[in-house]
Every structure is written in structure tokens, then in C-alpha cells.
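**Q** Structure file target.pdb (PDB, C-alpha atoms) is given on the next line.
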```pdb
ATOM      1  CA  MET A  19       0.392  22.813  -6.541
ATOM      2  CA  SER A  20      -3.248  23.082  -7.513
ATOM      3  CA  SER A  21      -5.321  25.912  -6.031
ATOM      4  CA  GLU A  22      -8.397  23.653  -6.091
ATOM      5  CA  CYS A  23      -6.783  20.610  -4.461
ATOM      6  CA  VAL A  24      -8.149  19.884  -0.988
ATOM      7  CA  PHE A  25      -4.947  18.100   0.104
ATOM      8  CA  CYS A  26      -2.799  21.022  -1.076
ATOM      9  CA  LYS A  27      -5.012  23.256   1.093
ATOM     10  CA  ILE A  28      -4.555  20.935   4.068
ATOM     11  CA  ALA A  29      -0.783  20.902   3.433
ATOM     12  CA  LYS A  30      -0.750  24.723   3.441
ATOM     13  CA  GLY A  31      -2.882  24.893   6.603
ATOM     14  CA  GLU A  32      -5.775  26.537   4.742
ATOM     15  CA  ILE A  33      -8.115  23.694   5.695
ATOM     16  CA  PRO A  34      -7.879  22.297   9.228
ATOM     17  CA  CYS A  35      -7.078  18.652   9.871
ATOM     18  CA  ALA A  36      -6.542  16.297  12.807
ATOM     19  CA  LYS A  37      -2.785  16.305  12.332
ATOM     20  CA  LEU A  38      -0.637  13.448  13.601
ATOM     21  CA  TYR A  39       2.725  14.320  12.072
ATOM     22  CA  GLU A  40       4.285  17.077   9.985
ATOM     23  CA  ASP A  41       7.685  17.926   8.579
ATOM     24  CA  ARG A  42       8.883  20.107   5.701
ATOM     25  CA  GLU A  43       7.736  17.660   3.017
ATOM     26  CA  ILE A  44       5.133  15.349   4.568
ATOM     27  CA  ILE A  45       1.925  15.663   6.583
ATOM     28  CA  ALA A  46      -0.125  12.884   8.228
ATOM     29  CA  PHE A  47      -3.694  13.405   9.435
ATOM     30  CA  LEU A  48      -6.867  11.463  10.203
ATOM     31  CA  ASP A  49      -9.114  10.641   7.254
ATOM     32  CA  ILE A  50     -12.425  12.431   7.896
ATOM     33  CA  MET A  51     -14.262   9.554   6.194
ATOM     34  CA  PRO A  52     -12.575   6.563   7.838
ATOM     35  CA  ALA A  53     -13.157   2.901   7.062
ATOM     36  CA  THR A  54     -13.414   2.385  10.812
ATOM     37  CA  LYS A  55     -13.743   4.719  13.766
ATOM     38  CA  ARG A  56     -12.081   2.319  16.173
ATOM     39  CA  GLY A  57      -8.556   2.844  15.127
ATOM     40  CA  GLY A  58      -7.318   5.975  13.511
ATOM     41  CA  HIS A  59      -7.515   5.623   9.724
ATOM     42  CA  THR A  60      -4.730   7.980   8.656
ATOM     43  CA  LEU A  61      -3.661   9.639   5.420
ATOM     44  CA  VAL A  62       0.001  10.383   4.779
ATOM     45  CA  ILE A  63       0.685  12.796   1.923
ATOM     46  CA  PRO A  64       3.559  14.665   0.332
ATOM     47  CA  LYS A  65       2.960  18.411   0.621
ATOM     48  CA  LYS A  66       4.032  18.885  -2.972
ATOM     49  CA  HIS A  67       1.288  18.088  -5.440
ATOM     50  CA  TYR A  68       1.520  14.921  -7.510
ATOM     51  CA  GLU A  69      -1.672  13.414  -8.888
ATOM     52  CA  HIS A  70      -0.414   9.843  -8.830
ATOM     53  CA  VAL A  71       1.921   7.972  -6.524
ATOM     54  CA  THR A  72       3.662   6.607  -9.627
ATOM     55  CA  GLU A  73       4.712  10.177 -10.531
ATOM     56  CA  MET A  74       6.443  10.821  -7.208
ATOM     57  CA  PRO A  75      10.251  10.775  -7.182
ATOM     58  CA  ASP A  76      11.586   7.701  -5.356
ATOM     59  CA  GLU A  77      13.162   9.785  -2.598
ATOM     60  CA  LEU A  78       9.926  11.570  -1.705
ATOM     61  CA  LEU A  79       7.880   8.365  -1.958
ATOM     62  CA  CYS A  80      10.358   6.742   0.428
ATOM     63  CA  LYS A  81      10.038   9.546   2.959
ATOM     64  CA  THR A  82       6.229   9.398   2.731
ATOM     65  CA  MET A  83       6.333   5.614   3.122
ATOM     66  CA  SER A  84       8.620   5.848   6.150
ATOM     67  CA  VAL A  85       6.061   8.064   7.886
ATOM     68  CA  ALA A  86       3.268   5.646   6.890
ATOM     69  CA  LYS A  87       5.306   2.798   8.418
ATOM     70  CA  ARG A  88       5.748   4.756  11.637
ATOM     71  CA  VAL A  89       2.002   5.425  11.840
ATOM     72  CA  ALA A  90       1.264   1.751  11.052
ATOM     73  CA  CYS A  91       3.614   0.668  13.824
ATOM     74  CA  ALA A  92       1.852   2.989  16.293
ATOM     75  CA  LEU A  93      -1.610   1.739  15.236
ATOM     76  CA  MET A  94      -0.425  -1.876  15.632
ATOM     77  CA  LYS A  95      -0.072  -1.243  19.374
ATOM     78  CA  GLU A  96      -3.889  -1.244  19.531
ATOM     79  CA  ALA A  97      -5.079  -3.003  16.380
ATOM     80  CA  ASP A  98      -4.841  -6.629  15.171
ATOM     81  CA  GLY A  99      -3.444  -5.592  11.798
ATOM     82  CA  VAL A 100      -2.871  -2.636   9.514
ATOM     83  CA  ASN A 101      -3.282  -2.096   5.773
ATOM     84  CA  ILE A 102      -1.050   0.396   4.010
ATOM     85  CA  LEU A 103      -2.737   1.240   0.742
ATOM     86  CA  LEU A 104      -1.882   3.422  -2.231
ATOM     87  CA  ASN A 105      -4.702   3.855  -4.731
ATOM     88  CA  ASN A 106      -3.473   4.979  -8.109
ATOM     89  CA  GLY A 107      -6.258   6.248 -10.380
ATOM     90  CA  LYS A 108     -10.061   6.372 -10.006
ATOM     91  CA  ALA A 109     -10.498   2.716 -11.020
ATOM     92  CA  ALA A 110      -8.305   1.846  -8.013
ATOM     93  CA  GLY A 111     -10.405   3.928  -5.617
ATOM     94  CA  GLN A 112      -8.418   7.183  -5.728
ATOM     95  CA  TYR A 113     -10.921   9.999  -5.231
ATOM     96  CA  VAL A 114      -8.670  12.913  -4.262
ATOM     97  CA  LYS A 115      -6.251  13.614  -7.098
ATOM     98  CA  HIS A 116      -3.254  14.252  -4.829
ATOM     99  CA  ALA A 117      -1.041  11.238  -4.105
ATOM    100  CA  HIS A 118      -1.707   9.807  -0.643
ATOM    101  CA  ILE A 119      -1.144   6.713   1.456
ATOM    102  CA  HIS A 120      -3.955   5.205   3.543
ATOM    103  CA  VAL A 121      -2.978   3.585   6.825
ATOM    104  CA  VAL A 122      -5.996   1.583   8.010
ATOM    105  CA  PRO A 123      -6.093  -0.184  11.391
ATOM    106  CA  ARG A 124      -7.745  -3.594  11.214
ATOM    107  CA  TYR A 125      -9.542  -5.713  13.799
ATOM    108  CA  LYS A 126     -10.539  -9.354  13.644
ATOM    109  CA  ASP A 127     -13.867  -9.695  11.813
ATOM    110  CA  ASP A 128     -14.163  -5.952  11.166
ATOM    111  CA  LYS A 129     -15.565  -6.753   7.711
ATOM    112  CA  ILE A 130     -13.891  -3.747   6.081
ATOM    113  CA  GLY A 131     -13.974  -4.088   2.281
ATOM    114  CA  LEU A 132     -10.229  -4.120   1.844
ATOM    115  CA  ALA A 133      -7.904  -6.935   0.789
ATOM    116  CA  HIS A 134     -10.611  -9.604   0.675
ATOM    117  CA  TRP A 135     -10.692 -10.350  -3.006
ATOM    118  CA  GLU A 136     -11.681 -13.670  -4.559
ATOM    119  CA  SER A 137      -8.518 -15.192  -5.976
ATOM    120  CA  VAL A 138      -8.573 -16.655  -9.458
ATOM    121  CA  LYS A 139      -6.271 -19.276 -10.948
ATOM    122  CA  TYR A 140      -4.193 -19.127 -14.095
ATOM    123  CA  HIS A 141      -4.771 -21.874 -16.645
ATOM    124  CA  PRO A 142      -1.608 -23.591 -17.937
ATOM    125  CA  GLY A 143       0.437 -21.143 -19.994
ATOM    126  CA  GLU A 144      -1.530 -18.039 -18.976
ATOM    127  CA  MET A 145       0.884 -16.932 -16.278
ATOM    128  CA  GLU A 146       3.842 -17.138 -18.653
ATOM    129  CA  GLU A 147       1.952 -14.978 -21.166
ATOM    130  CA  VAL A 148       1.227 -12.334 -18.531
ATOM    131  CA  GLN A 149       4.844 -12.507 -17.328
ATOM    132  CA  ALA A 150       6.204 -11.916 -20.849
ATOM    133  CA  ARG A 151       3.817  -8.986 -21.383
ATOM    134  CA  ILE A 152       4.654  -7.257 -18.069
ATOM    135  CA  LYS A 153       8.401  -7.791 -18.539
ATOM    136  CA  LYS A 154       8.106  -6.080 -21.920
ATOM    137  CA  LEU A 155       6.227  -3.153 -20.363
ATOM    138  CA  LEU A 156       8.952  -2.865 -17.711
ATOM    139  CA  GLU A 157      11.739  -3.001 -20.260
ATOM    140  CA  GLU A 158      10.113  -0.406 -22.534
ATOM    141  CA  GLY A 159      11.185   2.215 -20.042
ATOM    142  CA  ASN A 160       9.461   5.395 -18.821
ATOM    143  CA  CYS A 161       9.079   3.700 -15.448
TER
ATOM    144  CA  MET B  75      15.384 -16.551   7.069
ATOM    145  CA  SER B  76      12.871 -19.280   7.863
ATOM    146  CA  SER B  77      13.374 -22.732   6.336
ATOM    147  CA  GLU B  78       9.590 -23.182   6.135
ATOM    148  CA  CYS B  79       8.803 -19.811   4.546
ATOM    149  CA  VAL B  80       7.546 -20.118   0.977
ATOM    150  CA  PHE B  81       8.714 -16.614   0.037
ATOM    151  CA  CYS B  82      12.203 -17.335   1.423
ATOM    152  CA  LYS B  83      12.241 -20.421  -0.815
ATOM    153  CA  ILE B  84      11.189 -18.319  -3.826
ATOM    154  CA  ALA B  85      13.878 -15.747  -2.951
ATOM    155  CA  LYS B  86      16.497 -18.521  -2.855
ATOM    156  CA  GLY B  87      15.276 -20.020  -6.142
ATOM    157  CA  GLU B  88      14.155 -23.240  -4.429
ATOM    158  CA  ILE B  89      10.571 -22.734  -5.599
ATOM    159  CA  PRO B  90      10.021 -21.450  -9.150
ATOM    160  CA  CYS B  91       8.157 -18.228  -9.831
ATOM    161  CA  ALA B  92       7.120 -16.076 -12.786
ATOM    162  CA  LYS B  93       9.847 -13.525 -12.073
ATOM    163  CA  LEU B  94       9.542  -9.957 -13.283
ATOM    164  CA  TYR B  95      12.493  -8.339 -11.522
ATOM    165  CA  GLU B  96      15.381  -9.331  -9.270
ATOM    166  CA  ASP B  97      18.345  -7.675  -7.641
ATOM    167  CA  ARG B  98      20.533  -8.510  -4.652
ATOM    168  CA  GLU B  99      17.861  -7.578  -2.102
ATOM    169  CA  ILE B 100      14.494  -7.623  -3.860
ATOM    170  CA  ILE B 101      12.478  -9.987  -6.068
ATOM    171  CA  ALA B 102       9.197  -9.314  -7.901
ATOM    172  CA  PHE B 103       7.023 -12.092  -9.321
ATOM    173  CA  LEU B 104       3.435 -12.816 -10.331
ATOM    174  CA  ASP B 105       1.049 -13.816  -7.541
ATOM    175  CA  ILE B 106      -0.107 -17.365  -8.341
ATOM    176  CA  MET B 107      -3.516 -16.544  -6.838
ATOM    177  CA  PRO B 108      -4.213 -13.177  -8.425
ATOM    178  CA  ALA B 109      -7.187 -10.923  -7.767
ATOM    179  CA  THR B 110      -7.497 -10.628 -11.544
ATOM    180  CA  LYS B 111      -5.949 -12.486 -14.461
ATOM    181  CA  ARG B 112      -6.253  -9.535 -16.814
ATOM    182  CA  GLY B 113      -3.379  -7.570 -15.577
ATOM    183  CA  GLY B 114      -0.419  -9.030 -13.798
ATOM    184  CA  HIS B 115      -1.046  -9.013 -10.032
ATOM    185  CA  THR B 116       2.527  -8.848  -8.737
ATOM    186  CA  LEU B 117       4.234  -9.418  -5.397
ATOM    187  CA  VAL B 118       7.376  -7.479  -4.504
ATOM    188  CA  ILE B 119       9.325  -8.852  -1.554
ATOM    189  CA  PRO B 120      12.605  -8.296   0.255
ATOM    190  CA  LYS B 121      14.735 -11.443   0.021
ATOM    191  CA  LYS B 122      15.599 -11.151   3.693
ATOM    192  CA  HIS B 123      12.903 -12.495   5.968
ATOM    193  CA  TYR B 124      10.792 -10.071   7.959
ATOM    194  CA  GLU B 125       7.362 -11.164   9.088
ATOM    195  CA  HIS B 126       5.844  -7.690   9.023
ATOM    196  CA  VAL B 127       6.419  -4.687   6.815
ATOM    197  CA  THR B 128       6.559  -2.581   9.982
ATOM    198  CA  GLU B 129       9.698  -4.499  11.049
ATOM    199  CA  MET B 130      11.611  -3.702   7.864
ATOM    200  CA  PRO B 131      14.369  -1.088   8.066
ATOM    201  CA  ASP B 132      13.368   2.117   6.263
ATOM    202  CA  GLU B 133      16.105   1.738   3.668
ATOM    203  CA  LEU B 134      15.008  -1.747   2.605
ATOM    204  CA  LEU B 135      11.323  -0.808   2.654
ATOM    205  CA  CYS B 136      12.181   2.139   0.393
ATOM    206  CA  LYS B 137      14.010  -0.085  -2.086
ATOM    207  CA  THR B 138      11.118  -2.563  -2.110
ATOM    208  CA  MET B 139       8.642   0.284  -2.573
ATOM    209  CA  SER B 140      10.661   1.733  -5.456
ATOM    210  CA  VAL B 141      10.409  -1.590  -7.293
ATOM    211  CA  ALA B 142       6.663  -1.736  -6.530
ATOM    212  CA  LYS B 143       6.303   1.771  -7.989
ATOM    213  CA  ARG B 144       8.153   0.716 -11.145
ATOM    214  CA  VAL B 145       5.900  -2.319 -11.564
ATOM    215  CA  ALA B 146       2.812  -0.151 -10.899
ATOM    216  CA  CYS B 147       3.964   2.308 -13.553
ATOM    217  CA  ALA B 148       4.410  -0.532 -16.061
ATOM    218  CA  LEU B 149       0.974  -1.993 -15.257
ATOM    219  CA  MET B 150      -0.605   1.467 -15.675
ATOM    220  CA  LYS B 151       0.321   1.327 -19.364
ATOM    221  CA  GLU B 152      -2.461  -1.262 -19.777
ATOM    222  CA  ALA B 153      -4.720  -0.864 -16.735
ATOM    223  CA  ASP B 154      -7.100   1.912 -15.624
ATOM    224  CA  GLY B 155      -5.584   2.033 -12.146
ATOM    225  CA  VAL B 156      -3.300   0.206  -9.747
ATOM    226  CA  ASN B 157      -3.465  -0.552  -6.031
ATOM    227  CA  ILE B 158      -0.247  -0.906  -4.073
ATOM    228  CA  LEU B 159      -1.115  -2.750  -0.900
ATOM    229  CA  LEU B 160       0.822  -3.826   2.181
ATOM    230  CA  ASN B 161      -1.105  -6.134   4.506
ATOM    231  CA  ASN B 162       0.354  -6.216   7.980
ATOM    232  CA  GLY B 163      -0.972  -9.076  10.099
ATOM    233  CA  LYS B 164      -3.622 -11.753   9.490
ATOM    234  CA  ALA B 165      -6.502  -9.402  10.394
ATOM    235  CA  ALA B 166      -5.310  -7.210   7.507
ATOM    236  CA  GLY B 167      -5.266 -10.098   5.041
ATOM    237  CA  GLN B 168      -1.609 -11.132   5.352
ATOM    238  CA  TYR B 169      -1.481 -14.882   4.786
ATOM    239  CA  VAL B 170       2.206 -15.454   4.021
ATOM    240  CA  LYS B 171       4.272 -14.377   7.019
ATOM    241  CA  HIS B 172       7.028 -12.774   4.960
ATOM    242  CA  ALA B 173       6.633  -9.047   4.313
ATOM    243  CA  HIS B 174       5.388  -8.360   0.779
ATOM    244  CA  ILE B 175       3.829  -5.664  -1.372
ATOM    245  CA  HIS B 176       0.880  -6.418  -3.657
ATOM    246  CA  VAL B 177       0.696  -4.477  -6.919
ATOM    247  CA  VAL B 178      -2.790  -5.037  -8.342
ATOM    248  CA  PRO B 179      -3.848  -3.731 -11.760
ATOM    249  CA  ARG B 180      -7.382  -2.375 -11.781
ATOM    250  CA  TYR B 181      -9.984  -1.993 -14.510
ATOM    251  CA  LYS B 182     -13.219  -0.006 -14.506
ATOM    252  CA  ASP B 183     -15.980  -2.071 -12.895
ATOM    253  CA  ASP B 184     -13.688  -5.033 -12.159
ATOM    254  CA  LYS B 185     -15.470  -5.445  -8.812
ATOM    255  CA  ILE B 186     -12.294  -6.548  -7.010
ATOM    256  CA  GLY B 187     -12.843  -6.445  -3.242
ATOM    257  CA  LEU B 188     -10.151  -3.901  -2.568
ATOM    258  CA  ALA B 189     -10.457  -0.283  -1.439
ATOM    259  CA  HIS B 190     -14.251  -0.204  -1.547
ATOM    260  CA  TRP B 191     -15.039   0.209   2.115
ATOM    261  CA  GLU B 192     -18.118   1.942   3.499
ATOM    262  CA  SER B 193     -16.928   5.171   5.058
ATOM    263  CA  VAL B 194     -18.189   6.127   8.498
ATOM    264  CA  LYS B 195     -18.401   9.588  10.068
ATOM    265  CA  TYR B 196     -16.968  10.812  13.318
ATOM    266  CA  HIS B 197     -19.411  12.375  15.754
ATOM    267  CA  PRO B 198     -18.368  15.751  17.195
ATOM    268  CA  GLY B 199     -15.334  15.292  19.447
ATOM    269  CA  GLU B 200     -14.590  11.704  18.393
ATOM    270  CA  MET B 201     -11.906  12.590  15.859
ATOM    271  CA  GLU B 202     -10.039  14.712  18.408
ATOM    272  CA  GLU B 203     -10.111  11.785  20.869
ATOM    273  CA  VAL B 204      -8.666   9.412  18.257
ATOM    274  CA  GLN B 205      -6.074  12.028  17.273
ATOM    275  CA  ALA B 206      -4.900  12.429  20.876
ATOM    276  CA  ARG B 207      -4.673   8.652  21.342
ATOM    277  CA  ILE B 208      -2.688   8.030  18.155
ATOM    278  CA  LYS B 209      -0.349  10.964  18.836
ATOM    279  CA  LYS B 210       0.389   9.433  22.229
ATOM    280  CA  LEU B 211       1.114   6.044  20.629
ATOM    281  CA  LEU B 212       3.463   7.755  18.161
ATOM    282  CA  GLU B 213       5.237   9.704  20.891
ATOM    283  CA  GLU B 214       5.675   6.632  23.120
ATOM    284  CA  GLY B 215       8.401   5.520  20.742
ATOM    285  CA  ASN B 216       9.391   2.038  19.521
ATOM    286  CA  CYS B 217       8.162   3.087  16.079
TER
END
```
Translate this structure into C-alpha cells?
**A**
Amino acid sequence: MSSECVFCKIAKGEIPCAKLYEDREIIAFLDIMPATKRGGHTLVIPKKHYEHVTEMPDELLCKTMSVAKRVACALMKEADGVNILLNNGKAAGQYVKHAHIHVVPRYKDDKIGLAHWESVKYHPGEMEEVQARIKKLLEEGNC
Amino acid sequence: MSSECVFCKIAKGEIPCAKLYEDREIIAFLDIMPATKRGGHTLVIPKKHYEHVTEMPDELLCKTMSVAKRVACALMKEADGVNILLNNGKAAGQYVKHAHIHVVPRYKDDKIGLAHWESVKYHPGEMEEVQARIKKLLEEGNC
């Protein structure tokens, strides 16, 4: 646990938050800089410090994800859709270096910059090359 | 399982895919319309048909998420970051009505339209109102 980490401080109750759920290992609270004010953009985090989601043990990630699903289900009672988003690394939009899950309520035409990428197409043979490369990375281990 | 669902057909082997992983319950394959060709934009799906992620039993969602984490970890060996994204409902960018997890490799300045929303700020009192509303939705049950 890092003494400088803002999410560790929230987990320990040293910084206040608009808490929605808490148990021994997980805490869920409203993001203070939400993508939308309409819904209830929520962050679900493990209390224990991990910088990246990919470093979390499966069991803890599962518990965190189960809470995110519960929050998403609640938000769906009001919203038209929900994004559950895990940003791993700065290039992926992770600004706080403590693993967290965003749960973002969505409304028709809300124009939130999330999940609206321009798709590209593989040229013949390209997909098979990528497939072979990723399979090798998977088989190398350490994952 | 829907006879018209393209992901059900992929799960049953009726439509080919660039497969990266498969077990009895889960299959992972390259998205044929990736956000980027550099990396290996992957979809991880349960073979059993659920329209929404929020309808999946916790245990199956956990297994699916564990595979997504493994793929994300493999992609991180090459990429600068990875987004793990679950789109729930059309308003959230879900186009195939079979629950799935996107694993999207990210590179510095790749300009992919994902996780780059404009944050807003709550006015005094607004966050507490949202918190109370969401807590009520959570406590109502059915989630």
C-alpha cells in the first residue's frame, strides 16, 4: 500500500468519498470527475494496492468485477446502457496508479468519448500474423 | 443460445475466427473490426448466450474476465497499455447482442476513441444526491 496513493487513502477512510458499497476487500464510490453527471459514474477498487489490473490475483479481480456488475445492474435501471472499463497503463487512460474499474452510465446520444472508435480492416493475411504473434505471447507464460 | 447470433455461431465453430484461446465455457478471438491493427484487439466471450454482461452469473463472468486479464497481460508485452471494456446495451456501444469483453492494446498517441471523455464537475450537493439515488437502486435488489 502506497502512502502517496489517493485510492489507498480513500480505502483507509483518510480521504472522504461518496461511498456506494464497501466490504473487507472492495470499495465503490462516485468518481469526482465523472464523464456524465446524469448517472452515477462509479469507481470500484480493491482496497489492497495494485498498480495494474493485470497484476491482481484472479480471485480479487473477480470479487471487484462482481461488485462492478452489481453497480452496472443498478445504473441500468435508469440509464440506456453502461460501460464497464478497466484502463491498464497511462496510454490506456489510467491516471491513478491503483487498479480500478469504471462503471459509466450511458444515455442515447450522450456523446461521451468512450467506445466510439473508428474500426479498421485487416488486409488478407494480416489477421493470421497478429493471431500467431499473440498466441506466442500467451504461450510464453508469465500471464 | 440464439440461432441467429453471430457469436453463438463462432462459439459453435460454425463461423471461423482467429482463435487465441478456448475452453469448455469461454472462447477468445481477434475482433475482425479492430480499433487498431497494431496490437491484437481481442474479444473474449462466454459460449453460452447472454445478451448483457449484467445477466451473466458471477462465476461465468469471473472466468471470462480471467481470460481477458490473461490476454491483456500478453498484449502488454508489446503495447504501452490495454483497455478492457464491457459495453452493456446499444447506447454503450454494444452492437452484437451476445455478452463480450473487448481487450484493446493501446499505444502512446494512438488517438483511439476510447477512455478520453471530457470530465465534468459536480456542483455542491449534486454528488450527494446522485449517491443517495444510486444507493437506493442498489438496495432495491434485483442486482
**Q** Quick check on the file I pasted: which residues fall under the PyMOL selection byres ((chain B and resi 193) around 8)? Write them as a ChimeraX atom specification.
**A** /A:51-54 /B:191-192,194-195
**Q** For the PyMOL selection byres ((chain B and resi 150) around 10), applied here, can you spell out every residue it catches as a ChimeraX atom specification?
**A** /A:72,106-107,155,161 /B:113,144-149,151-156,179-180
**Q** What separation in Å, quoted to one decimal, exists between atom CA of Glu96 of chain B and atom CA of Ile158 of chain B?
**A** 18.5 Å
**Q** With distances taken over only C-alpha atoms, which residue among A:Leu78, A:Lys153, A:Pro34, A:Ile63 lies nearest Ile50 of chain A?
**A**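 Checking each candidate against Ile50 of chain A, we get A:Pro34 as the closest.
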**Q** Separation of atom CA of Glu99 of chain B and atom CA of Pro75 of chain A, in Å?
**A** 20.5 Å
**Q** Any chance you could work out the residue set of the PyMOL selection byres ((chain A and resi 24) around 12) here, as a count of residues only?
**A** 25
**Q** So the first atom is atom CA of Ser84 of chain A and the second is atom CA of Asp127 of chain A; what is the distance between them in Å, to one decimal place?
**A**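 Separation between atom CA of Ser84 of chain A and atom CA of Asp127 of chain A: 27.9 Å.
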**Q** May I ask which of the residues A:Pro64, A:Asn101, A:Val148, A:Met83 is the closest one to Val122 of chain A, counting only C-alpha atoms?
**A**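 Checking each of A:Pro64, A:Asn101, A:Val148, A:Met83 against Val122 of chain A, counting only C-alpha atoms, the winner is A:Asn101.
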